[in-house]
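Text of run.cif, listed as mmCIF, C-alpha atoms and all ligand atoms:
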data_structure
loop_
_atom_site.label_atom_id
_atom_site.label_comp_id
_atom_site.auth_asym_id
_atom_site.auth_seq_id
_atom_site.Cartn_x
_atom_site.Cartn_y
_atom_site.Cartn_z
CA MET A 268 6.37 13.83 9.21
CA THR A 269 10.03 13.65 8.42
CA ASP A 270 11.53 11.52 11.12
CA SER A 271 8.83 9.09 12.18
CA HIS A 272 10.28 6.28 14.22
CA TYR A 273 7.82 3.51 13.67
CA PRO A 274 8.90 0.61 15.83
CA TRP A 275 8.51 -1.89 12.99
CA HIS A 276 11.02 0.09 10.87
CA GLU A 277 13.98 -0.58 13.12
CA ASN A 278 15.52 -3.44 11.13
CA TYR A 279 14.99 -1.67 7.81
CA TRP A 280 16.52 1.49 9.23
CA GLN A 281 19.63 -0.38 10.38
CA HIS A 282 19.83 -1.94 6.92
CA LEU A 283 19.80 1.53 5.33
CA LEU A 284 22.34 2.92 7.81
CA ALA A 285 24.66 0.05 6.96
CA TYR A 286 24.83 1.32 3.37
CA VAL A 287 26.13 4.64 4.68
CA GLU A 288 28.52 3.08 7.17
CA GLN A 289 30.03 0.82 4.53
CA GLN A 290 30.03 3.69 2.02
CA ARG A 291 28.04 1.55 -0.37
CA ILE A 292 24.98 3.69 -0.96
CA PRO A 293 23.25 2.22 -4.04
CA GLN A 294 22.10 4.31 -6.98
CA ALA A 295 18.57 3.05 -6.66
CA LEU A 296 16.56 1.44 -3.89
CA LEU A 297 13.20 -0.26 -4.27
CA LEU A 298 11.01 -0.29 -1.16
CA GLN A 299 8.26 -2.81 -1.61
CA GLY A 300 5.24 -3.44 0.60
CA ILE A 301 1.49 -3.03 1.08
CA THR A 302 -0.22 0.25 1.97
CA GLY A 303 0.09 1.39 5.56
CA LEU A 304 3.60 0.24 6.45
CA GLY A 305 5.14 3.70 6.13
CA LYS A 306 7.33 3.22 3.05
CA TYR A 307 7.32 6.94 2.30
CA GLN A 308 8.21 7.86 5.88
CA LEU A 309 11.12 5.42 5.86
CA ALA A 310 12.39 6.75 2.52
CA SER A 311 12.08 10.36 3.58
CA ARG A 312 13.78 9.71 6.92
CA PHE A 313 16.70 8.21 5.01
CA ALA A 314 16.72 11.14 2.57
CA GLN A 315 17.02 13.59 5.45
CA TYR A 316 19.80 11.51 6.96
CA LEU A 317 21.78 11.63 3.72
CA MET A 318 21.35 15.40 3.49
CA CYS A 319 21.99 16.21 7.15
CA LEU A 320 25.25 18.12 7.68
CA ALA A 321 25.84 16.72 11.17
CA PRO A 322 24.21 13.29 11.40
CA ASN A 323 25.04 11.01 14.28
CA ARG A 324 25.32 7.26 13.88
CA GLN A 325 21.60 6.62 14.19
CA SER A 326 19.75 9.72 13.05
CA SER A 327 19.74 13.17 11.52
CA CYS A 328 20.60 16.09 13.82
CA HIS A 329 17.34 18.00 13.09
CA HIS A 330 19.12 21.32 13.75
CA CYS A 331 21.54 21.98 10.90
CA ALA A 332 20.71 24.20 7.92
CA ALA A 333 19.99 21.16 5.74
CA CYS A 334 17.67 19.55 8.30
CA LYS A 335 15.80 22.84 8.70
CA LEU A 336 15.29 23.08 4.94
CA PHE A 337 14.25 19.46 4.84
CA ILE A 338 11.75 19.79 7.67
CA ALA A 339 10.30 22.91 6.01
CA ASN A 340 9.97 20.82 2.85
CA THR A 341 12.16 23.21 0.87
CA HIS A 342 15.44 21.33 0.51
CA PRO A 343 16.46 21.65 -3.16
CA ASN A 344 18.05 18.19 -3.12
CA PHE A 345 14.84 16.42 -2.21
CA ILE A 346 12.57 15.58 -5.12
CA VAL A 347 9.35 13.59 -4.97
CA LEU A 348 7.77 12.27 -8.15
CA GLN A 349 4.09 11.44 -7.97
CA PRO A 350 1.02 11.69 -10.20
CA GLU A 351 -0.27 15.23 -10.63
CA GLU A 352 -3.73 13.89 -9.86
CA GLU A 353 -4.60 10.99 -7.61
CA GLY A 354 -5.19 7.75 -9.48
CA LYS A 355 -3.47 9.06 -12.63
CA SER A 356 -0.05 8.08 -13.91
CA ILE A 357 3.25 9.92 -13.51
CA THR A 358 3.52 11.60 -16.88
CA ILE A 359 6.43 12.11 -19.22
CA ASP A 360 6.26 15.85 -18.46
CA VAL A 361 7.07 15.16 -14.82
CA LEU A 362 10.03 13.08 -16.00
CA ARG A 363 11.25 15.81 -18.35
CA GLN A 364 11.27 18.28 -15.46
CA LEU A 365 13.22 15.80 -13.37
CA MET A 366 15.80 15.28 -16.11
CA GLN A 367 16.36 19.03 -16.32
CA GLN A 368 16.93 19.15 -12.57
CA LEU A 369 19.34 16.22 -12.68
CA VAL A 370 21.59 17.91 -15.23
CA LEU A 371 22.62 20.31 -12.48
CA LYS A 372 24.90 19.10 -9.70
CA PRO A 373 23.24 18.58 -6.30
CA GLN A 374 23.45 21.68 -4.14
CA TYR A 375 25.62 21.56 -1.01
CA SER A 376 28.08 18.75 -0.56
CA THR A 377 25.56 16.10 0.41
CA TYR A 378 23.25 13.74 -1.41
CA ARG A 379 20.28 14.40 -3.64
CA VAL A 380 17.35 12.02 -3.24
CA VAL A 381 14.54 11.38 -5.71
CA ILE A 382 11.56 9.45 -4.33
CA VAL A 383 9.16 7.88 -6.83
CA HIS A 384 5.80 7.56 -5.09
CA LEU A 385 4.45 5.11 -6.28
CA ALA A 386 6.58 3.61 -9.04
CA GLU A 387 3.70 1.57 -10.52
CA HIS A 388 2.23 4.92 -11.59
CA LEU A 389 5.00 5.36 -14.17
CA ASN A 390 3.40 4.80 -17.58
CA ASN A 391 5.32 3.26 -20.51
CA ASN A 392 6.83 6.54 -21.65
CA SER A 393 7.76 7.84 -18.25
CA ALA A 394 9.16 4.43 -17.23
CA ASN A 395 11.44 4.51 -20.29
CA ALA A 396 12.58 8.01 -19.45
CA PHE A 397 13.16 6.98 -15.86
CA LEU A 398 15.21 4.01 -17.01
CA LYS A 399 17.52 6.45 -18.81
CA CYS A 400 18.07 8.28 -15.49
CA LEU A 401 19.04 4.98 -13.91
CA GLU A 402 21.32 4.04 -16.79
CA GLU A 403 23.22 7.33 -16.67
CA PRO A 404 23.13 8.06 -12.95
CA PRO A 405 23.93 11.63 -11.94
CA GLU A 406 26.50 12.06 -9.19
CA ARG A 407 25.55 11.88 -5.49
CA THR A 408 21.97 11.04 -6.35
CA LEU A 409 19.90 8.24 -4.86
CA PHE A 410 16.62 7.14 -6.41
CA ILE A 411 14.16 5.52 -4.02
CA LEU A 412 11.23 3.80 -5.69
CA LEU A 413 8.24 2.87 -3.57
CA THR A 414 5.83 0.23 -4.75
CA GLU A 415 2.79 -1.75 -3.69
CA GLN A 416 2.62 -3.67 -6.97
CA VAL A 417 6.13 -4.72 -7.88
CA GLN A 418 4.80 -7.01 -10.62
CA GLN A 419 3.67 -3.93 -12.52
CA LEU A 420 7.19 -2.50 -12.81
CA PRO A 421 9.38 -3.22 -15.83
CA ALA A 422 12.04 -5.85 -15.11
CA THR A 423 14.64 -3.46 -16.54
CA ILE A 424 13.93 -1.01 -13.72
CA ILE A 425 13.70 -3.63 -10.97
CA SER A 426 17.04 -5.15 -11.96
CA ARG A 427 18.81 -1.83 -11.36
CA CYS A 428 17.55 -1.44 -7.79
CA GLN A 429 18.61 -2.81 -4.43
CA LYS A 430 15.47 -4.25 -2.92
CA LEU A 431 14.03 -3.86 0.53
CA VAL A 432 10.78 -5.68 1.23
CA LEU A 433 8.67 -4.31 4.08
CA THR A 434 6.30 -6.78 5.72
CA ALA A 435 3.55 -6.34 8.27
CA PRO A 436 4.93 -6.36 11.84
CA ASP A 437 3.99 -8.88 14.53
CA ALA A 438 0.50 -8.32 15.86
CA THR A 439 1.80 -7.38 19.32
CA VAL A 440 4.06 -4.65 17.90
CA ALA A 441 1.21 -3.28 15.79
CA GLN A 442 -1.27 -3.42 18.68
CA GLN A 443 1.10 -1.64 21.03
CA TRP A 444 1.67 1.08 18.48
CA LEU A 445 -2.07 1.52 17.90
CA GLY A 446 -2.37 1.97 21.67
CA THR A 447 0.16 4.82 21.54
CA GLN A 448 -2.12 6.44 18.96
CA GLY A 449 -5.10 6.20 21.31
CA ILE A 450 -6.71 3.21 19.59
CA TYR A 451 -7.53 0.52 22.15
CA GLU A 452 -10.76 -0.93 20.84
CA SER A 453 -11.06 -3.53 18.09
CA GLN A 454 -7.32 -3.46 17.48
CA GLN A 455 -7.12 -6.92 15.94
CA PRO A 456 -10.17 -6.63 13.67
CA LEU A 457 -8.78 -3.30 12.42
CA LEU A 458 -5.39 -4.86 11.78
CA ASN A 459 -7.03 -7.79 10.02
CA LEU A 460 -8.88 -5.35 7.84
CA ALA A 461 -5.61 -3.61 7.01
CA GLN A 462 -3.73 -6.87 6.31
CA GLY A 463 -1.63 -6.13 9.39
CA ALA A 464 -0.45 -2.68 8.26
CA PRO A 465 -0.53 -0.40 11.34
CA LEU A 466 -0.89 2.98 9.58
CA LEU A 467 -3.80 1.72 7.52
CA ALA A 468 -5.40 0.22 10.63
CA LEU A 469 -5.13 3.64 12.29
CA ASP A 470 -6.67 5.25 9.24
CA TYR A 471 -9.52 2.73 9.35
CA ALA A 472 -10.07 3.43 13.06
CA GLN A 473 -10.23 7.17 12.44
CA GLN A 474 -12.69 6.74 9.61
CA ASN A 475 -14.92 4.27 11.41
CA SER A 476 -14.22 1.78 8.65
CA LEU A 477 -15.01 -1.18 10.85
CA GLN A 478 -18.60 -0.04 11.05
CA LEU A 479 -18.76 0.48 7.29
CA ARG A 480 -17.21 -2.92 6.68
CA ASN A 481 -19.74 -4.58 9.00
CA GLN A 482 -22.57 -2.89 7.12
CA CYS A 483 -21.12 -3.97 3.76
CA PHE A 484 -20.75 -7.52 5.07
CA ALA A 485 -24.36 -7.59 6.22
CA ASP A 486 -25.49 -6.33 2.79
CA TRP A 487 -23.34 -8.91 1.04
CA GLU A 488 -24.68 -11.65 3.29
CA SER A 489 -28.27 -10.60 2.56
CA ILE A 490 -27.84 -11.37 -1.14
CA VAL A 491 -27.33 -15.06 -0.43
CA LYS A 492 -29.43 -15.30 2.73
CA ALA A 493 -32.38 -13.05 1.90
CA ASN A 494 -32.34 -12.84 -1.88
CA ALA A 495 -31.57 -9.12 -1.81
CA CYS A 496 -31.20 -7.51 -5.23
CA PRO A 497 -27.60 -7.34 -6.49
CA ILE A 498 -28.32 -4.39 -8.81
CA ILE A 499 -29.66 -2.25 -5.98
CA LEU A 500 -26.69 -3.07 -3.78
CA ALA A 501 -24.26 -2.27 -6.63
CA GLU A 502 -25.85 1.14 -6.87
CA LYS A 503 -25.02 1.72 -3.23
CA TRP A 504 -21.55 0.20 -3.37
CA TYR A 505 -20.03 1.88 -6.39
CA LYS A 506 -20.01 5.18 -4.51
CA LEU A 507 -17.73 3.73 -1.81
CA ALA A 508 -13.95 3.53 -2.06
CA GLY A 509 -13.57 0.63 -4.49
CA GLN A 510 -10.15 -0.75 -3.61
CA PRO A 511 -10.74 -1.39 0.11
CA LEU A 512 -14.18 -2.82 -0.62
CA LEU A 513 -12.66 -5.23 -3.10
CA GLN A 514 -10.05 -6.24 -0.55
CA TRP A 515 -12.80 -6.92 1.98
CA LEU A 516 -14.67 -9.08 -0.53
CA ILE A 517 -11.48 -11.02 -1.24
CA SER A 518 -10.81 -11.61 2.45
CA TRP A 519 -14.43 -12.71 3.11
CA THR A 520 -14.28 -15.12 0.20
CA GLU A 521 -10.95 -16.56 1.34
CA ASP A 522 -12.50 -17.07 4.76
CA LEU A 523 -15.59 -18.75 3.29
CA ILE A 524 -13.36 -21.18 1.42
CA LYS A 525 -11.53 -21.92 4.68
CA CYS A 526 -14.89 -22.39 6.44
CA THR A 527 -16.01 -25.00 3.92
CA PHE A 528 -12.88 -26.94 4.88
CA GLN A 529 -13.69 -26.48 8.59
CA VAL A 530 -10.56 -24.44 9.29
CA PRO A 531 -10.71 -23.25 12.96
CA SER A 532 -11.99 -19.71 13.30
CA ARG A 533 -8.77 -18.34 14.78
CA PHE A 534 -7.15 -18.83 11.36
CA LEU A 535 -9.74 -16.69 9.58
CA LEU A 536 -8.74 -13.22 8.37
CA ASN A 537 -12.03 -11.93 9.75
CA SER A 538 -12.16 -13.94 12.94
CA ASP A 539 -14.59 -11.41 14.43
CA LEU A 540 -17.11 -12.49 11.76
CA ALA A 541 -16.47 -16.21 12.25
CA SER A 542 -19.95 -17.36 13.14
CA ALA A 543 -21.60 -15.34 10.35
CA LEU A 544 -19.05 -16.68 7.87
CA GLN A 545 -19.54 -20.28 9.02
CA GLY A 546 -23.30 -19.88 8.58
CA LEU A 547 -22.87 -18.35 5.16
CA ALA A 548 -20.48 -21.10 4.04
CA THR A 549 -23.23 -23.70 4.27
CA GLY A 550 -25.33 -21.72 1.77
CA VAL A 551 -22.81 -21.44 -1.06
CA ALA A 552 -21.27 -24.02 -3.36
CA LEU A 553 -17.48 -24.41 -3.22
CA ASN A 554 -16.93 -24.40 -7.00
CA ASN A 555 -18.98 -21.20 -7.28
CA LEU A 556 -16.85 -19.68 -4.54
CA PHE A 557 -13.71 -20.40 -6.52
CA ASP A 558 -15.25 -18.79 -9.63
CA PHE A 559 -16.26 -15.78 -7.57
CA TYR A 560 -12.75 -15.52 -6.13
CA GLY A 561 -11.28 -15.63 -9.64
CA LEU A 562 -13.52 -12.76 -10.69
CA LEU A 563 -12.44 -10.66 -7.68
CA MET A 564 -8.79 -11.27 -8.52
CA LYS A 565 -9.35 -10.08 -12.08
CA ASP A 566 -11.16 -7.04 -10.75
CA THR A 567 -8.22 -5.92 -8.61
CA TYR A 568 -6.58 -4.95 -11.93
CA ARG A 569 -9.75 -3.81 -13.67
CA ILE A 570 -10.77 -1.44 -10.89
CA GLN A 571 -7.64 0.63 -11.52
CA THR A 572 -8.60 1.25 -15.13
CA GLN A 573 -12.32 0.61 -15.53
CA LEU A 574 -14.21 3.86 -15.20
CA ASN A 575 -17.66 2.34 -14.76
CA LYS A 576 -17.44 1.07 -11.21
CA GLN A 577 -21.19 0.51 -11.06
CA LEU A 578 -21.01 -2.10 -13.83
CA LEU A 579 -18.05 -3.72 -12.15
CA PHE A 580 -19.92 -4.10 -8.86
CA GLU A 581 -23.05 -5.28 -10.66
CA GLU A 582 -21.06 -8.10 -12.22
CA ILE A 583 -19.48 -8.96 -8.88
CA LEU A 584 -22.78 -9.02 -7.01
CA ILE A 585 -24.73 -10.89 -9.70
CA THR A 586 -22.00 -13.55 -9.74
CA TRP A 587 -22.18 -13.65 -5.95
CA SER A 588 -25.98 -14.06 -6.01
CA GLN A 589 -25.47 -17.14 -8.21
CA ALA A 590 -23.01 -18.71 -5.79
CA LYS A 591 -25.85 -20.11 -3.72
CA VAL A 592 -26.29 -23.84 -3.31
CA LYS A 593 -29.17 -24.90 -5.57
CA ARG A 594 -31.90 -26.48 -3.50
ZN ZN B 1 21.01 17.88 10.31
#
For the file at hand, write its structure as C-alpha cells.
Ligand SMILES: [Zn+2]
Amino acid sequence: MTDSHYPWHENYWQHLLAYVEQQRIPQALLLQGITGLGKYQLASRFAQYLMCLAPNRQSSCHHCAACKLFIANTHPNFIVLQPEEEGKSITIDVLRQLMQQLVLKPQYSTYRVVIVHLAEHLNNNSANAFLKCLEEPPERTLFILLTEQVQQLPATIISRCQKLVLTAPDATVAQQWLGTQGIYESQQPLLNLAQGAPLLALDYAQQNSLQLRNQCFADWESIVKANACPIILAEKWYKLAGQPLLQWLISWTEDLIKCTFQVPSRFLLNSDLASALQGLATGVALNNLFDFYGLLMKDTYRIQTQLNKQLLFEEILITWSQAKVKR
C-alpha cells in the first residue's frame, strides 16, 4: 500500500504538503502515535510524493518512472530501517549499511527518504550511530522516524526532529471507515479494544479478537468469582499474544476502578462489558486494584524484555486472585 488515503490522515497530509509548498522540508520528522493509525502508510505516501517526478498539488502522479519504481518497491532512494527479526532491535550493522548508502548522493534529482520503523527499536549503539546521521545530514535526504513509545527515544534524537502526533480519529470517522472495509458488527467494541485506532480494529475484526477477548475476560473473572487457579490460567495465557492481552487487562482494571466510583457505563472503555464489570467491582478491594494496576504498568515494559512470559502471567494472575475483598 503506497498511497492509502485514510480519511483521518487528511490534516496530517496537508501539514506535510505545507512543508513542500513552503520549501521548508525538515531533515527529520518524528511521527508519533499508537499502533493502528497508519503511521507507516502516511510516511511512505509522503516519501513517494517527494520522489515523484510529476506530483500535483495534492498527490503523487502514480505514473512517472519514479512512482513506478516506488510502487514496485524498488526505488533506490527509499530506505526502510527495521529490526531484522520481529521483536529484536535495529542493530548497528543495519546502521553501518545505511551510512554507506548515505555517502552516495541520492539518485535522480529528487529526495531520498529513510524511514525508521519503529525508532524505539534502535539500541544504544545504533541510536548513537543514527544521531551522527542527523548531525551531519546528507543532501536531499529526509529521515522519518515512527514511534509508539516516544519516551524510549533519546532526547538528543527527539530534539532534532519536527514532530507530528497522530491521534485516534473521532468514533464516527473510524466507524464509517470500518464499514468501507466490510466491518459492520461490533464496530465500537472493536474500536474500544484498539484504543480507537481503525487499522488495529480492522485487524482485530479479521482475527476474531473480540471473541478471544471475551473468553479471556471470562477466565479472568472466574479467578475472583469462582476461585479458579491462577497458575493454570497463566499456562493458557502465556501462549497468547502478550502485548494485546496486557492492554486488555489494563483497560479492564481502569474500568473496574471507574465502576467502584460509580462512573456511568457509557464512560467505560469496555462499555459492552459494563454489567459484568460492575458485578466484579463489588468483589474486589480498591487498594488492591491500584496495586494490581501498578503491576500491569510495570509489566508493559517487562513484557518487551522478559523472556519467561509464563512467570510474568503467573505473577499477574496470583496478584489478581489476591485482589478479592476479604470476607
Ligand atoms: Zn510520479
Using all atoms listed in the file, I'd like a table of the residues in segment 360-451 of chain A that come within 8 Å of segment 307-322 of chain A; for each, show the closest atom pair and its distance in Å rounded to one decimal, ordered by chain and ascending number, as a tab-separated table.
residue	atom	partner	partner_atom	distance
A:Thr377	CA	A:Met318	CA	5.3
A:Tyr378	CA	A:Met318	CA	5.5
A:Arg379	CA	A:Met318	CA	7.3
A:Val380	CA	A:Ala314	CA	5.9
A:Ile382	CA	A:Ala310	CA	7.4
A:His384	CA	A:Tyr307	CA	7.6
A:Ile411	CA	A:Ala310	CA	6.9
A:Leu413	CA	A:Tyr307	CA	7.2
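Interatomic distance, atom CA of Pro373 of chain A against atom CA of Glu403 of chain A: 15.3 Å.
For His272 of chain A, the residues within 10 Å (counting only C-alpha atoms, excluding itself and residues fewer than 3 positions away along the chain) are Met268, Thr269, Trp275, His276, Glu277, Trp280, Gly305, Gln308, Leu309 and Arg312 of chain A.
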Check your understanding: Quick one: residues within 10 Å of Glu353 of chain A, all atoms listed in the file counted, chain neighbours fewer than 4 positions away excluded, as number ranges by chain?
Key -> A: 349, 357, 388
Review point. A:Gln367, A:Thr549, A:Thr586, A:Asn390: which is nearest Ile498 of chain A, counting all atoms listed in the file?
Key: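 Closest candidate: A:Thr586.
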Check your understanding: Of the candidates A:Leu389, A:Gln482, A:Asp539, A:Cys428, which shows the shortest atom-to-atom distance to Leu458 of chain A, using only C-alpha atoms?
Key ->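 Looking only at the distances to Leu458 of chain A, the closest residue turns out to be A:Asp539.
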Check your understanding: Between atom CA of Gln473 of chain A and atom CA of Gly446 of chain A, what is the spacing in Å?
Key ->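 One can read the atom CA of Gly446 of chain A to atom CA of Gln473 of chain A distance as 13.2 Å.
Compared by their closest atoms to ligand ZN 1 (chain B), and using all atoms listed in the file, the residues A:Val383, A:Leu304, A:Leu336, A:Val287 rank with A:Leu336 nearest.
Using all atoms listed in the file, the smallest distance between any of A:Ala333, A:Leu547, A:Leu296, A:Leu445 and Ile425 of chain A comes from A:Leu296.
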List every protein, DNA or RNA residue that has an atom no more than 10 Å from (-25.7, -4.4, -7.1) in the file's coordinate frame, counting only C-alpha atoms, and report them as a CSV table (one decimal) with C-alpha atoms, keeping the file's coordinate frame.
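Saved file part-v7.csv follows:
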chain,number,residue,atom,x,y,z
A,487,TRP,CA,-23.3,-8.9,1.0
A,490,ILE,CA,-27.8,-11.4,-1.1
A,495,ALA,CA,-31.6,-9.1,-1.8
A,496,CYS,CA,-31.2,-7.5,-5.2
A,497,PRO,CA,-27.6,-7.3,-6.5
A,498,ILE,CA,-28.3,-4.4,-8.8
A,499,ILE,CA,-29.7,-2.2,-6.0
A,500,LEU,CA,-26.7,-3.1,-3.8
A,501,ALA,CA,-24.3,-2.3,-6.6
A,502,GLU,CA,-25.8,1.1,-6.9
A,503,LYS,CA,-25.0,1.7,-3.2
A,504,TRP,CA,-21.6,0.2,-3.4
A,505,TYR,CA,-20.0,1.9,-6.4
A,577,GLN,CA,-21.2,0.5,-11.1
A,578,LEU,CA,-21.0,-2.1,-13.8
A,579,LEU,CA,-18.0,-3.7,-12.2
A,580,PHE,CA,-19.9,-4.1,-8.9
A,581,GLU,CA,-23.0,-5.3,-10.7
A,582,GLU,CA,-21.1,-8.1,-12.2
A,583,ILE,CA,-19.5,-9.0,-8.9
A,584,LEU,CA,-22.8,-9.0,-7.0
A,585,ILE,CA,-24.7,-10.9,-9.7
A,587,TRP,CA,-22.2,-13.6,-6.0
A,588,SER,CA,-26.0,-14.1,-6.0
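Picture a line from atom CA of Gln290 of chain A to atom CA of Gln429 of chain A; it runs 14.6 Å.
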Study note, to complete from the structure: Using only C-alpha atoms, the best pick from A:Glu452, A:Glu387, A:Arg363, A:Leu371 as closest to Pro350 of chain A would be A:Glu387
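Nearest residue to ligand ZN 1 (chain B) among A:His330, A:Lys576, A:His282, A:Lys355 is A:His330, counting all atoms listed in the file.
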